[in-house]
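Source file: data-v5.txt; contents: compact mmCIF, C-alpha atoms and all ligand atoms.
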# COMPACT_ATOMS: atom_id res chain seq x y z
CA MET F 1396 -8.00 24.88 -15.25
CA SER F 1397 -5.58 27.69 -16.17
CA ASP F 1398 -5.79 30.93 -18.10
CA GLY F 1399 -3.40 31.70 -20.91
CA PRO F 1400 -0.84 29.39 -22.44
CA ASN F 1401 -0.26 25.94 -21.00
CA PRO F 1402 2.25 26.48 -18.18
CA GLY F 1403 3.83 23.06 -18.81
CA PRO F 1404 4.21 20.17 -16.44
CA THR F 1405 5.50 20.91 -12.95
CA ARG F 1406 7.16 17.53 -12.44
CA LEU F 1407 8.43 15.23 -15.17
CA ALA F 1408 8.17 11.81 -13.53
CA ARG F 1409 5.23 9.74 -14.76
CA LEU F 1410 3.22 7.08 -12.91
CA ARG F 1411 1.24 4.37 -14.69
CA VAL F 1412 -1.12 2.25 -12.62
CA ASP F 1413 -2.07 -1.07 -14.19
CA THR F 1414 -5.56 -1.67 -12.84
CA ALA F 1415 -5.82 -4.99 -14.72
CA ALA F 1416 -2.81 -6.15 -12.66
CA ILE F 1417 -4.63 -5.13 -9.46
CA ALA F 1418 -7.58 -7.31 -10.53
CA GLU F 1419 -5.21 -10.16 -11.42
CA ASN F 1420 -3.60 -9.94 -7.98
CA TRP F 1421 -7.02 -9.96 -6.31
CA ARG F 1422 -7.82 -13.17 -8.20
CA PHE F 1423 -4.52 -14.62 -6.95
CA PHE F 1424 -5.80 -14.16 -3.37
CA LYS F 1425 -9.14 -15.76 -4.33
CA LYS F 1426 -7.18 -18.83 -5.39
CA GLN F 1427 -5.07 -18.80 -2.23
CA ALA F 1428 -8.12 -18.54 0.03
CA PRO F 1429 -10.87 -20.35 -1.88
CA ALA F 1430 -13.09 -20.88 1.17
CA ALA F 1431 -13.02 -17.25 2.34
CA ALA F 1432 -14.41 -13.99 1.00
CA VAL F 1433 -11.60 -11.79 -0.29
CA ALA F 1434 -11.86 -8.13 0.63
CA ALA F 1435 -9.73 -5.32 -0.80
CA VAL F 1436 -7.86 -2.85 1.41
CA VAL F 1437 -7.82 0.51 -0.38
CA LYS F 1438 -6.83 2.84 2.48
CA ALA F 1439 -4.43 5.75 1.94
CA ASP F 1440 -5.69 6.26 -1.62
CA ALA F 1441 -5.06 2.59 -2.42
CA TYR F 1442 -1.50 2.80 -1.03
CA GLY F 1443 -0.86 5.96 -3.05
CA LEU F 1444 -2.00 4.54 -6.38
CA GLY F 1445 -5.50 6.05 -6.58
CA ALA F 1446 -8.39 4.52 -4.65
CA GLU F 1447 -11.09 5.31 -7.18
CA ALA F 1448 -9.63 3.51 -10.19
CA ALA F 1449 -8.31 0.68 -8.00
CA SER F 1450 -11.70 0.18 -6.31
CA ARG F 1451 -13.53 0.19 -9.63
CA ALA F 1452 -11.19 -2.46 -11.03
CA LEU F 1453 -11.51 -4.55 -7.87
CA ALA F 1454 -15.31 -4.30 -7.85
CA ALA F 1455 -15.37 -5.32 -11.52
CA ALA F 1456 -13.18 -8.32 -10.64
CA GLY F 1457 -15.72 -9.34 -8.01
CA ALA F 1458 -14.63 -7.72 -4.73
CA ARG F 1459 -17.67 -7.02 -2.54
CA VAL F 1460 -15.92 -5.84 0.63
CA PHE F 1461 -13.57 -2.87 0.91
CA PHE F 1462 -11.57 -1.37 3.75
CA THR F 1463 -10.52 2.27 4.12
CA ALA F 1464 -8.85 3.96 7.09
CA THR F 1465 -11.13 6.99 7.33
CA SER F 1466 -14.72 7.90 6.55
CA GLY F 1467 -13.56 10.46 3.98
CA GLU F 1468 -11.72 7.72 2.10
CA GLY F 1469 -14.82 5.56 2.41
CA LEU F 1470 -16.98 8.26 0.87
CA ALA F 1471 -14.61 8.56 -2.12
CA VAL F 1472 -14.66 4.79 -2.63
CA ARG F 1473 -18.46 4.72 -2.36
CA LYS F 1474 -18.69 7.37 -5.09
CA ALA F 1475 -16.39 5.28 -7.29
CA ILE F 1476 -18.10 1.90 -6.90
CA GLY F 1477 -21.70 2.82 -6.15
CA GLU F 1478 -24.11 1.08 -3.82
CA GLY F 1479 -23.80 -2.60 -3.09
CA PRO F 1480 -20.32 -3.46 -1.85
CA GLN F 1481 -19.68 -3.11 1.87
CA ILE F 1482 -17.10 -0.51 2.89
CA PHE F 1483 -15.53 -0.90 6.33
CA VAL F 1484 -13.79 2.08 7.93
CA LEU F 1485 -10.88 0.83 10.04
CA ASN F 1486 -10.53 3.89 12.27
CA GLY F 1487 -14.17 3.69 13.29
CA PRO F 1488 -16.53 6.58 13.93
CA SER F 1489 -15.68 9.81 15.70
CA SER F 1490 -18.09 12.33 17.15
CA ASP F 1491 -18.02 14.55 14.06
CA ASP F 1492 -18.25 12.21 11.07
CA ALA F 1493 -21.54 10.40 11.63
CA GLN F 1494 -22.98 12.09 8.56
CA HIS F 1495 -20.37 10.45 6.29
CA PHE F 1496 -21.23 7.02 7.62
CA ALA F 1497 -24.91 7.62 6.94
CA THR F 1498 -24.74 9.19 3.48
CA ALA F 1499 -22.13 6.77 2.11
CA LYS F 1500 -23.53 3.72 3.96
CA LEU F 1501 -20.17 3.00 5.53
CA THR F 1502 -19.66 0.30 8.12
CA PRO F 1503 -17.46 1.31 11.04
CA VAL F 1504 -14.89 -0.95 12.64
CA LEU F 1505 -15.44 -0.34 16.36
CA ASN F 1506 -12.15 -0.27 18.21
CA SER F 1507 -13.08 0.68 21.78
CA LEU F 1508 -15.93 0.70 24.28
CA ASP F 1509 -16.26 4.43 23.57
CA GLN F 1510 -16.79 3.79 19.87
CA ILE F 1511 -19.33 1.07 20.65
CA LYS F 1512 -21.25 3.61 22.72
CA LEU F 1513 -20.87 6.34 20.09
CA TRP F 1514 -22.11 4.13 17.26
CA ASN F 1515 -24.96 2.85 19.42
CA ALA F 1516 -25.82 0.00 17.01
CA ARG F 1517 -27.33 2.43 14.56
CA GLY F 1518 -26.28 0.30 11.60
CA PRO F 1519 -24.04 -2.62 10.67
CA MET F 1520 -20.67 -2.67 12.41
CA ALA F 1521 -17.48 -4.66 12.80
CA LEU F 1522 -15.57 -5.22 16.01
CA ASN F 1523 -11.78 -5.11 16.18
CA ILE F 1524 -10.00 -7.14 18.84
CA ASP F 1525 -6.45 -6.35 19.83
CA THR F 1526 -4.53 -9.62 20.01
CA GLY F 1527 -1.01 -8.31 20.29
CA MET F 1528 -0.34 -5.17 18.28
CA ASN F 1529 -1.51 -2.71 20.94
CA ARG F 1530 -2.58 -0.35 18.22
CA LEU F 1531 -6.36 -0.32 17.75
CA GLY F 1532 -9.00 -2.64 19.12
CA LEU F 1533 -10.53 -3.95 22.32
CA GLY F 1534 -8.14 -5.29 24.90
CA PRO F 1535 -8.78 -8.53 26.84
CA GLU F 1536 -10.46 -6.79 29.77
CA GLU F 1537 -12.88 -4.95 27.47
CA LEU F 1538 -14.26 -8.07 25.79
CA ALA F 1539 -16.81 -8.98 28.44
CA PRO F 1540 -18.30 -5.46 28.67
CA ALA F 1541 -18.37 -5.30 24.86
CA ALA F 1542 -20.24 -8.60 24.69
CA VAL F 1543 -22.80 -7.20 27.12
CA ALA F 1544 -23.14 -3.92 25.22
CA LEU F 1545 -23.55 -5.76 21.91
CA LYS F 1546 -25.66 -8.70 23.04
CA ASP F 1547 -28.59 -7.71 20.82
CA ALA F 1548 -26.53 -6.27 17.99
CA SER F 1549 -25.63 -8.17 14.87
CA LEU F 1550 -21.98 -7.92 14.00
CA ALA F 1551 -21.00 -7.83 10.32
CA LEU F 1552 -17.48 -8.93 11.25
CA ILE F 1553 -15.15 -9.62 14.13
CA MET F 1554 -11.56 -9.00 13.23
CA SER F 1555 -8.00 -8.68 14.46
CA HIS F 1556 -4.67 -7.89 12.81
CA LEU F 1557 -1.41 -9.82 12.79
CA ALA F 1558 1.76 -8.08 13.92
CA CYS F 1559 4.22 -10.40 12.13
CA ALA F 1560 2.27 -11.71 9.14
CA SER F 1561 5.13 -10.94 6.77
CA ASN F 1562 7.19 -13.61 8.53
CA VAL F 1563 5.33 -16.89 8.16
CA LYS F 1564 7.53 -18.54 10.80
CA HIS F 1565 7.05 -15.92 13.52
CA GLU F 1566 5.69 -17.33 16.78
CA MET F 1567 3.38 -14.31 17.22
CA ASN F 1568 1.16 -15.58 14.40
CA ALA F 1569 -0.08 -18.67 16.23
CA ILE F 1570 -0.34 -16.78 19.54
CA GLN F 1571 -2.54 -14.11 17.98
CA ARG F 1572 -4.64 -16.70 16.20
CA THR F 1573 -5.41 -18.45 19.50
CA ARG F 1574 -6.26 -15.17 21.24
CA PHE F 1575 -8.49 -14.22 18.31
CA ILE F 1576 -10.43 -17.50 18.44
CA ASP F 1577 -10.88 -17.14 22.22
CA ALA F 1578 -12.14 -13.56 21.89
CA ALA F 1579 -14.45 -14.40 18.98
CA SER F 1580 -16.13 -17.13 21.04
CA LEU F 1581 -17.91 -14.31 22.91
CA PHE F 1582 -19.47 -13.22 19.60
CA PRO F 1583 -20.37 -16.59 18.13
CA LYS F 1584 -22.49 -15.41 15.23
CA ALA F 1585 -20.05 -12.90 13.74
CA PRO F 1586 -18.01 -13.78 10.64
CA MET F 1587 -14.28 -13.74 11.46
CA SER F 1588 -11.31 -12.07 9.76
CA LEU F 1589 -7.62 -12.12 10.73
CA ALA F 1590 -5.43 -12.21 7.63
CA SER F 1591 -3.87 -9.35 5.69
CA THR F 1592 -1.61 -10.15 2.69
CA GLY F 1593 0.94 -12.02 4.80
CA GLY F 1594 -1.75 -13.87 6.74
CA VAL F 1595 -3.28 -15.24 3.54
CA LEU F 1596 0.09 -16.69 2.60
CA ILE F 1597 0.71 -18.24 6.05
CA GLY F 1598 -2.01 -20.77 5.37
CA ALA F 1599 -5.66 -21.76 5.49
CA ASP F 1600 -5.71 -21.79 9.32
CA PHE F 1601 -5.53 -18.04 9.16
CA HIS F 1602 -8.20 -17.41 6.52
CA PHE F 1603 -11.43 -17.74 8.57
CA ASP F 1604 -14.43 -16.15 6.77
CA LEU F 1605 -12.82 -13.11 5.17
CA VAL F 1606 -9.26 -12.15 4.25
CA ARG F 1607 -8.03 -8.55 3.88
CA PRO F 1608 -5.11 -8.22 1.44
CA GLY F 1609 -3.75 -4.75 0.78
CA ILE F 1610 -0.12 -4.56 -0.32
CA GLY F 1611 -0.39 -7.82 -2.27
CA LEU F 1612 -3.03 -6.28 -4.53
CA TYR F 1613 -0.47 -3.64 -5.43
CA GLY F 1614 2.28 -6.08 -6.31
CA SER F 1615 4.29 -6.90 -3.19
CA GLY F 1616 4.57 -10.40 -1.83
CA GLY F 1617 5.12 -9.01 1.67
CA LEU F 1618 8.27 -8.13 3.51
CA ASP F 1619 9.94 -11.46 4.04
CA ALA F 1620 7.29 -14.02 3.18
CA SER F 1621 8.11 -16.71 0.66
CA ASN F 1622 7.41 -14.34 -2.11
CA PRO F 1623 4.97 -15.21 -4.87
CA ARG F 1624 5.61 -13.05 -7.87
CA LEU F 1625 2.50 -10.94 -7.92
CA ALA F 1626 1.86 -8.77 -10.96
CA PRO F 1627 3.60 -5.39 -10.78
CA VAL F 1628 1.07 -2.58 -10.66
CA ALA F 1629 2.88 0.77 -10.47
CA THR F 1630 5.39 1.91 -13.07
CA ILE F 1631 7.30 5.15 -12.61
CA GLU F 1632 9.52 6.62 -15.30
CA ALA F 1633 11.38 9.90 -15.62
CA PRO F 1634 13.16 11.45 -18.61
CA ILE F 1635 16.88 11.96 -19.15
CA LEU F 1636 17.74 15.66 -19.28
CA GLN F 1637 21.44 15.42 -20.23
CA VAL F 1638 24.05 12.85 -21.17
CA ARG F 1639 27.64 13.61 -20.12
CA ASP F 1640 31.06 12.14 -20.81
CA VAL F 1641 33.12 12.40 -17.65
CA GLU F 1642 36.86 11.93 -17.15
CA ALA F 1643 38.42 9.56 -14.64
CA GLY F 1644 38.83 11.27 -11.28
CA GLU F 1645 35.74 13.48 -11.65
CA THR F 1646 33.13 13.38 -8.88
CA PHE F 1647 29.33 13.46 -8.97
CA GLY F 1648 26.66 15.40 -7.13
CA TYR F 1649 26.43 16.84 -3.61
CA GLY F 1650 29.13 15.75 -1.25
CA ALA F 1651 31.20 14.42 -4.19
CA THR F 1652 30.51 10.95 -2.82
CA PHE F 1653 31.23 9.07 -6.05
CA THR F 1654 34.45 9.34 -8.06
CA ALA F 1655 34.78 8.02 -11.62
CA ALA F 1656 37.50 5.35 -11.67
CA LYS F 1657 37.66 5.59 -15.43
CA LYS F 1658 36.23 7.69 -18.21
CA MET F 1659 32.48 7.16 -18.16
CA ARG F 1660 29.19 8.23 -19.69
CA THR F 1661 26.42 9.32 -17.33
CA ALA F 1662 22.87 10.60 -17.67
CA THR F 1663 21.12 13.16 -15.49
CA VAL F 1664 17.47 12.27 -14.97
CA ALA F 1665 14.58 14.51 -13.88
CA LEU F 1666 13.76 12.68 -10.66
CA GLY F 1667 14.60 13.42 -7.05
CA TYR F 1668 13.42 13.28 -3.49
CA ALA F 1669 10.85 15.99 -4.29
CA ASP F 1670 9.16 13.22 -6.29
CA GLY F 1671 9.24 10.99 -3.24
CA TYR F 1672 12.21 9.00 -4.54
CA LEU F 1673 13.94 8.17 -1.28
CA ARG F 1674 17.33 9.79 -0.76
CA ALA F 1675 18.42 6.53 0.87
CA LEU F 1676 18.63 5.07 -2.66
CA GLY F 1677 21.62 7.29 -3.51
CA GLY F 1678 24.55 5.06 -4.49
CA ARG F 1679 22.35 1.95 -4.09
CA GLY F 1680 19.31 2.18 -6.35
CA TYR F 1681 19.03 1.88 -10.10
CA GLY F 1682 16.99 2.94 -13.07
CA VAL F 1683 16.28 0.68 -16.01
CA LEU F 1684 16.97 1.86 -19.54
CA ALA F 1685 16.73 -0.40 -22.59
CA GLY F 1686 16.22 -3.38 -20.29
CA THR F 1687 19.45 -2.83 -18.38
CA LYS F 1688 19.92 -1.72 -14.77
CA GLN F 1689 21.81 1.57 -14.61
CA LEU F 1690 23.23 2.31 -11.18
CA ILE F 1691 22.60 5.59 -9.40
CA LEU F 1692 25.86 7.47 -8.88
CA GLY F 1693 26.30 9.55 -5.74
CA ARG F 1694 23.57 11.36 -3.88
CA ILE F 1695 20.02 12.00 -4.99
CA SER F 1696 19.18 15.70 -5.35
CA MET F 1697 15.80 17.34 -4.96
CA ASP F 1698 14.93 17.15 -8.68
CA LEU F 1699 17.84 15.26 -10.22
CA ILE F 1700 19.55 11.92 -10.16
CA ILE F 1701 22.70 10.74 -11.99
CA ILE F 1702 22.88 7.25 -13.47
CA ASP F 1703 25.70 5.33 -15.10
CA VAL F 1704 24.87 4.77 -18.80
CA ASN F 1705 28.20 3.42 -20.02
CA GLY F 1706 27.72 1.50 -23.22
CA CYS F 1707 23.98 2.22 -23.45
CA ALA F 1708 23.21 3.52 -26.94
CA GLU F 1709 19.65 4.45 -25.96
CA ALA F 1710 20.79 7.04 -23.41
CA ALA F 1711 19.73 10.40 -24.87
CA PRO F 1712 17.82 13.44 -23.67
CA GLY F 1713 14.12 12.60 -23.50
CA ALA F 1714 14.59 8.84 -23.10
CA MET F 1715 12.47 7.54 -20.22
CA VAL F 1716 14.15 5.61 -17.39
CA GLU F 1717 12.13 3.22 -15.23
CA PHE F 1718 12.60 3.50 -11.44
CA LEU F 1719 9.67 1.32 -10.36
CA GLY F 1720 7.82 -1.30 -12.36
CA PRO F 1721 8.24 -4.70 -14.00
CA ASN F 1722 12.00 -4.15 -14.34
CA ALA F 1723 12.53 -2.36 -11.03
CA ARG F 1724 10.44 -4.47 -8.69
CA LEU F 1725 8.73 -2.92 -5.72
CA ASP F 1726 10.12 -5.38 -3.17
CA ASP F 1727 13.62 -5.01 -4.62
CA ILE F 1728 13.56 -1.20 -4.51
CA ALA F 1729 12.16 -1.25 -0.97
CA ALA F 1730 14.92 -3.59 0.19
CA LEU F 1731 17.60 -1.38 -1.39
CA ALA F 1732 16.09 1.68 0.29
CA GLY F 1733 16.01 -0.11 3.64
CA THR F 1734 12.25 0.31 3.94
CA ALA F 1735 8.96 -1.45 3.29
CA PRO F 1736 7.13 -1.62 -0.05
CA TYR F 1737 4.26 0.22 1.67
CA GLU F 1738 6.44 3.30 2.11
CA ILE F 1739 7.76 3.16 -1.47
CA LEU F 1740 4.18 3.16 -2.77
CA THR F 1741 2.71 5.84 -0.52
CA THR F 1742 5.78 8.08 -0.64
CA PHE F 1743 7.10 7.70 -4.19
CA ALA F 1744 4.07 6.59 -6.23
CA GLY F 1745 1.82 8.78 -4.06
CA ALA F 1746 3.93 11.90 -4.66
CA VAL F 1747 4.21 11.32 -8.41
CA ARG F 1748 0.48 10.71 -8.61
CA ARG F 1749 -0.41 13.86 -6.68
CA ALA F 1750 1.93 15.95 -8.85
CA GLY F 1751 0.31 14.47 -11.96
CA ALA F 1752 -3.14 15.29 -10.64
CA ARG F 1753 -2.12 18.95 -10.27
CA SER F 1754 -0.48 19.43 -13.66
C1 LIG J 1 -3.58 -2.17 6.24
C2 LIG J 1 -4.37 -3.26 6.83
C3 LIG J 1 -4.60 -4.45 6.12
C4 LIG J 1 -3.88 -4.77 4.82
O1 LIG J 1 -2.56 -5.13 5.14
P1 LIG J 1 -1.51 -5.54 4.00
O2 LIG J 1 -0.29 -5.92 4.77
O3 LIG J 1 -1.31 -4.33 3.18
O4 LIG J 1 -2.10 -6.65 3.25
C5 LIG J 1 -5.48 -5.37 6.65
N1 LIG J 1 -6.07 -5.16 7.86
C6 LIG J 1 -5.85 -4.04 8.58
C7 LIG J 1 -6.52 -3.86 9.90
C8 LIG J 1 -4.99 -3.07 8.10
O5 LIG J 1 -4.74 -1.97 8.82
Write the structure described by the file as structure tokens, please.
Ligand SMILES: *Cc1c(COP(=O)(O)O)cnc(C)c1O
Amino acid sequence: MSDGPNPGPTRLARLRVDTAAIAENWRFFKKQAPAAAVAAVVKADAYGLGAEAASRALAAAGARVFFTATSGEGLAVRKAIGEGPQIFVLNGPSSDDAQHFATAKLTPVLNSLDQIKLWNARGPMALNIDTGMNRLGLGPEELAPAAVALKDASLALIMSHLACASNVKHEMNAIQRTRFIDAASLFPKAPMSLASTGGVLIGADFHFDLVRPGIGLYGSGGLDASNPRLAPVATIEAPILQVRDVEAGETFGYGATFTAAKKMRTATVALGYADGYLRALGGRGYGVLAGTKQLILGRISMDLIIIDVNGCAEAAPGAMVEFLGPNARLDDIAALAGTAPYEILTTFAGAVRRAGARS
């Protein structure tokens, strides 16, 4: 809402989120785990892509169980999908957000004896068991007191989380599975859940009653799992600002880290690390123009990037270059940046989305 003439866009990169692809990916997990319920993890604003639209698409596809990290995220998802589906909050309750849990009918994941006491069985709850991540959840010595405290309570879920699910061969997977089964035997009536995206792909032994894919819904097959080609969800494009013809021997960008070996044509694109495009992709990443990969030359600036467009007739000011999407795959870009697809989505797609929401 602004007075006076339209001030124009603040950032020029554009994010498109294909919610039909999110639904398609959710159905892929249904097929992989036919005996289990398939939840949808939509924490961190659906990994930067927008939790409301993602949750609506997932609910329409049939998802009845959602996971957020915080109660505030849970409230936003509840507003988007309405009453009915169950929304679990992974961080559990704190002393000052009980009201959120009540008004939005959120189900906490209880991670400690303190949270069990705080929640005091005042509504449905899940219990998280630590089986090897040492992050959140009850440790081995807390299981017996928890079983006593919860002996009359009905648990909506008992869950744990795999440390190495992206590597199907990792020995931790089987170790955690055994610890999980042992711990769950103290809570015999509770439905069980262990698998995130990677865990679903490890195999049916890991599915139990409910699986919890997150990153897979958004198009990544996982870090190093045998990688099914899930549907790409996020597409990010940015426009060319200038095309330049550069002589052999000229250098590009800060630090003059790239030198033209021959005469070449380059394009300067309105994208930089201010848009969350990782600086680590300088000299390694690429944009896609007219179906062809165009390498990034030299360092990435705050708002600008230089790509090689030799021989590309479509390179002209205003032409849009794809930096993430069907032609610049999430897992590929993450590998080139030396990071995980999770960080590409929350950092790059998240930043472009937030800038778009402001303009
Ligand atoms: C984030 C998270 C998931 C989803 O993991 P992905 O690797 O994105 O599939 C599932 N369970 C818990 C507890 C999580 O924190």
Determine, for each residue of chain F having at least one atom at most 10 Å from an atom of ligand LIG 1 (chain J), the closest pair of atoms and their separation in Å to one decimal, counting only C-alpha atoms and all ligand atoms; order by chain and ascending number, as a Markdown table.
| residue | atom | partner | partner_atom | distance |
| --- | --- | --- | --- | --- |
| F:Ala1434 | CA | J:LIG1 | C5 | 9.2 |
| F:Ala1435 | CA | J:LIG1 | C4 | 8.1 |
| F:Val1436 | CA | J:LIG1 | C4 | 5.6 |
| F:Val1437 | CA | J:LIG1 | C1 | 8.3 |
| F:Lys1438 | CA | J:LIG1 | C1 | 7.1 |
| F:Ala1439 | CA | J:LIG1 | C1 | 9.1 |
| F:Ala1441 | CA | J:LIG1 | O3 | 9.7 |
| F:Tyr1442 | CA | J:LIG1 | O3 | 8.3 |
| F:Phe1462 | CA | J:LIG1 | C5 | 7.8 |
| F:Thr1463 | CA | J:LIG1 | C1 | 8.5 |
| F:Ala1464 | CA | J:LIG1 | O5 | 7.4 |
| F:Val1484 | CA | J:LIG1 | C7 | 9.6 |
| F:Leu1485 | CA | J:LIG1 | C7 | 6.4 |
| F:Asn1486 | CA | J:LIG1 | O5 | 8.9 |
| F:Val1504 | CA | J:LIG1 | C7 | 9.3 |
| F:Asn1523 | CA | J:LIG1 | C7 | 8.3 |
| F:Arg1530 | CA | J:LIG1 | O5 | 9.8 |
| F:Leu1531 | CA | J:LIG1 | C7 | 8.6 |
| F:Gly1532 | CA | J:LIG1 | C7 | 9.6 |
| F:Met1554 | CA | J:LIG1 | C7 | 7.9 |
| F:Ser1555 | CA | J:LIG1 | C7 | 6.8 |
| F:His1556 | CA | J:LIG1 | C7 | 5.3 |
| F:Leu1557 | CA | J:LIG1 | N1 | 8.2 |
| F:Ala1558 | CA | J:LIG1 | O2 | 9.6 |
| F:Cys1559 | CA | J:LIG1 | O2 | 9.7 |
| F:Ala1560 | CA | J:LIG1 | O2 | 7.7 |
| F:Ser1561 | CA | J:LIG1 | O2 | 7.7 |
| F:Ser1588 | CA | J:LIG1 | N1 | 8.9 |
| F:Leu1589 | CA | J:LIG1 | N1 | 7.7 |
| F:Ala1590 | CA | J:LIG1 | C5 | 6.9 |
| F:Ser1591 | CA | J:LIG1 | O4 | 4.0 |
| F:Thr1592 | CA | J:LIG1 | O4 | 3.6 |
| F:Gly1593 | CA | J:LIG1 | O2 | 6.2 |
| F:Gly1594 | CA | J:LIG1 | O4 | 8.0 |
| F:Val1595 | CA | J:LIG1 | O4 | 8.7 |
| F:Val1606 | CA | J:LIG1 | C5 | 8.1 |
| F:Arg1607 | CA | J:LIG1 | C5 | 4.9 |
| F:Pro1608 | CA | J:LIG1 | O4 | 3.8 |
| F:Gly1609 | CA | J:LIG1 | O3 | 3.4 |
| F:Ile1610 | CA | J:LIG1 | O3 | 3.7 |
| F:Gly1611 | CA | J:LIG1 | O4 | 5.9 |
| F:Leu1612 | CA | J:LIG1 | O4 | 7.8 |
| F:Tyr1613 | CA | J:LIG1 | O3 | 8.7 |
| F:Ser1615 | CA | J:LIG1 | O3 | 8.9 |
| F:Gly1616 | CA | J:LIG1 | O4 | 9.2 |
| F:Gly1617 | CA | J:LIG1 | O2 | 7.0 |
| F:Leu1618 | CA | J:LIG1 | O2 | 8.9 |
| F:Pro1736 | CA | J:LIG1 | O3 | 9.4 |
| F:Tyr1737 | CA | J:LIG1 | O3 | 7.3 |
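You can rank F:Asp1547, F:Asp1492, F:Asp1670, F:Asp1577 by their closest distance to F:Thr1526 using all atoms listed in the file, and at the top of that list sits F:Asp1577.
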Query raised in the report: Suppose you want the space between atom CA of F:Val1641 and atom CA of F:Leu1719; what is it in Å?
Result: 26.9 Å
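The space between atom CA of F:Ile1631 and atom CA of F:Leu1690 spans 16.2 Å.
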Query raised in the report: Hey, can you pull every residue with an atom no more than 9 Å from (10.2, -5.7, -16.8), using all atoms listed in the file, and send it as a ChimeraX atom specification?
Result: /F:1627,1683,1686,1720-1724
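When all atoms listed in the file are used to compute distances to F:Glu1447, the closest of the residues F:Gly1469, F:Pro1540, F:Gly1745, F:Pro1429 turns out to be F:Gly1469.
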Do a neighbour search on F:Ala1408 at 7 Å with only C-alpha atoms, toss out local chain neighbours closer than 2 positions, and write the hits as a PDB file with C-alpha atoms, keeping the file's coordinate frame.
ATOM      1  CA  ARG F1406       7.160  17.530 -12.440  1.00  0.00           C
ATOM      2  CA  LEU F1410       3.220   7.080 -12.910  1.00  0.00           C
ATOM      3  CA  ILE F1631       7.300   5.150 -12.610  1.00  0.00           C
ATOM      4  CA  GLU F1632       9.520   6.620 -15.300  1.00  0.00           C
ATOM      5  CA  ALA F1633      11.380   9.900 -15.620  1.00  0.00           C
ATOM      6  CA  ALA F1665      14.580  14.510 -13.880  1.00  0.00           C
ATOM      7  CA  LEU F1666      13.760  12.680 -10.660  1.00  0.00           C
ATOM      8  CA  VAL F1747       4.210  11.320  -8.410  1.00  0.00           C
TER       9      VAL F1747
END
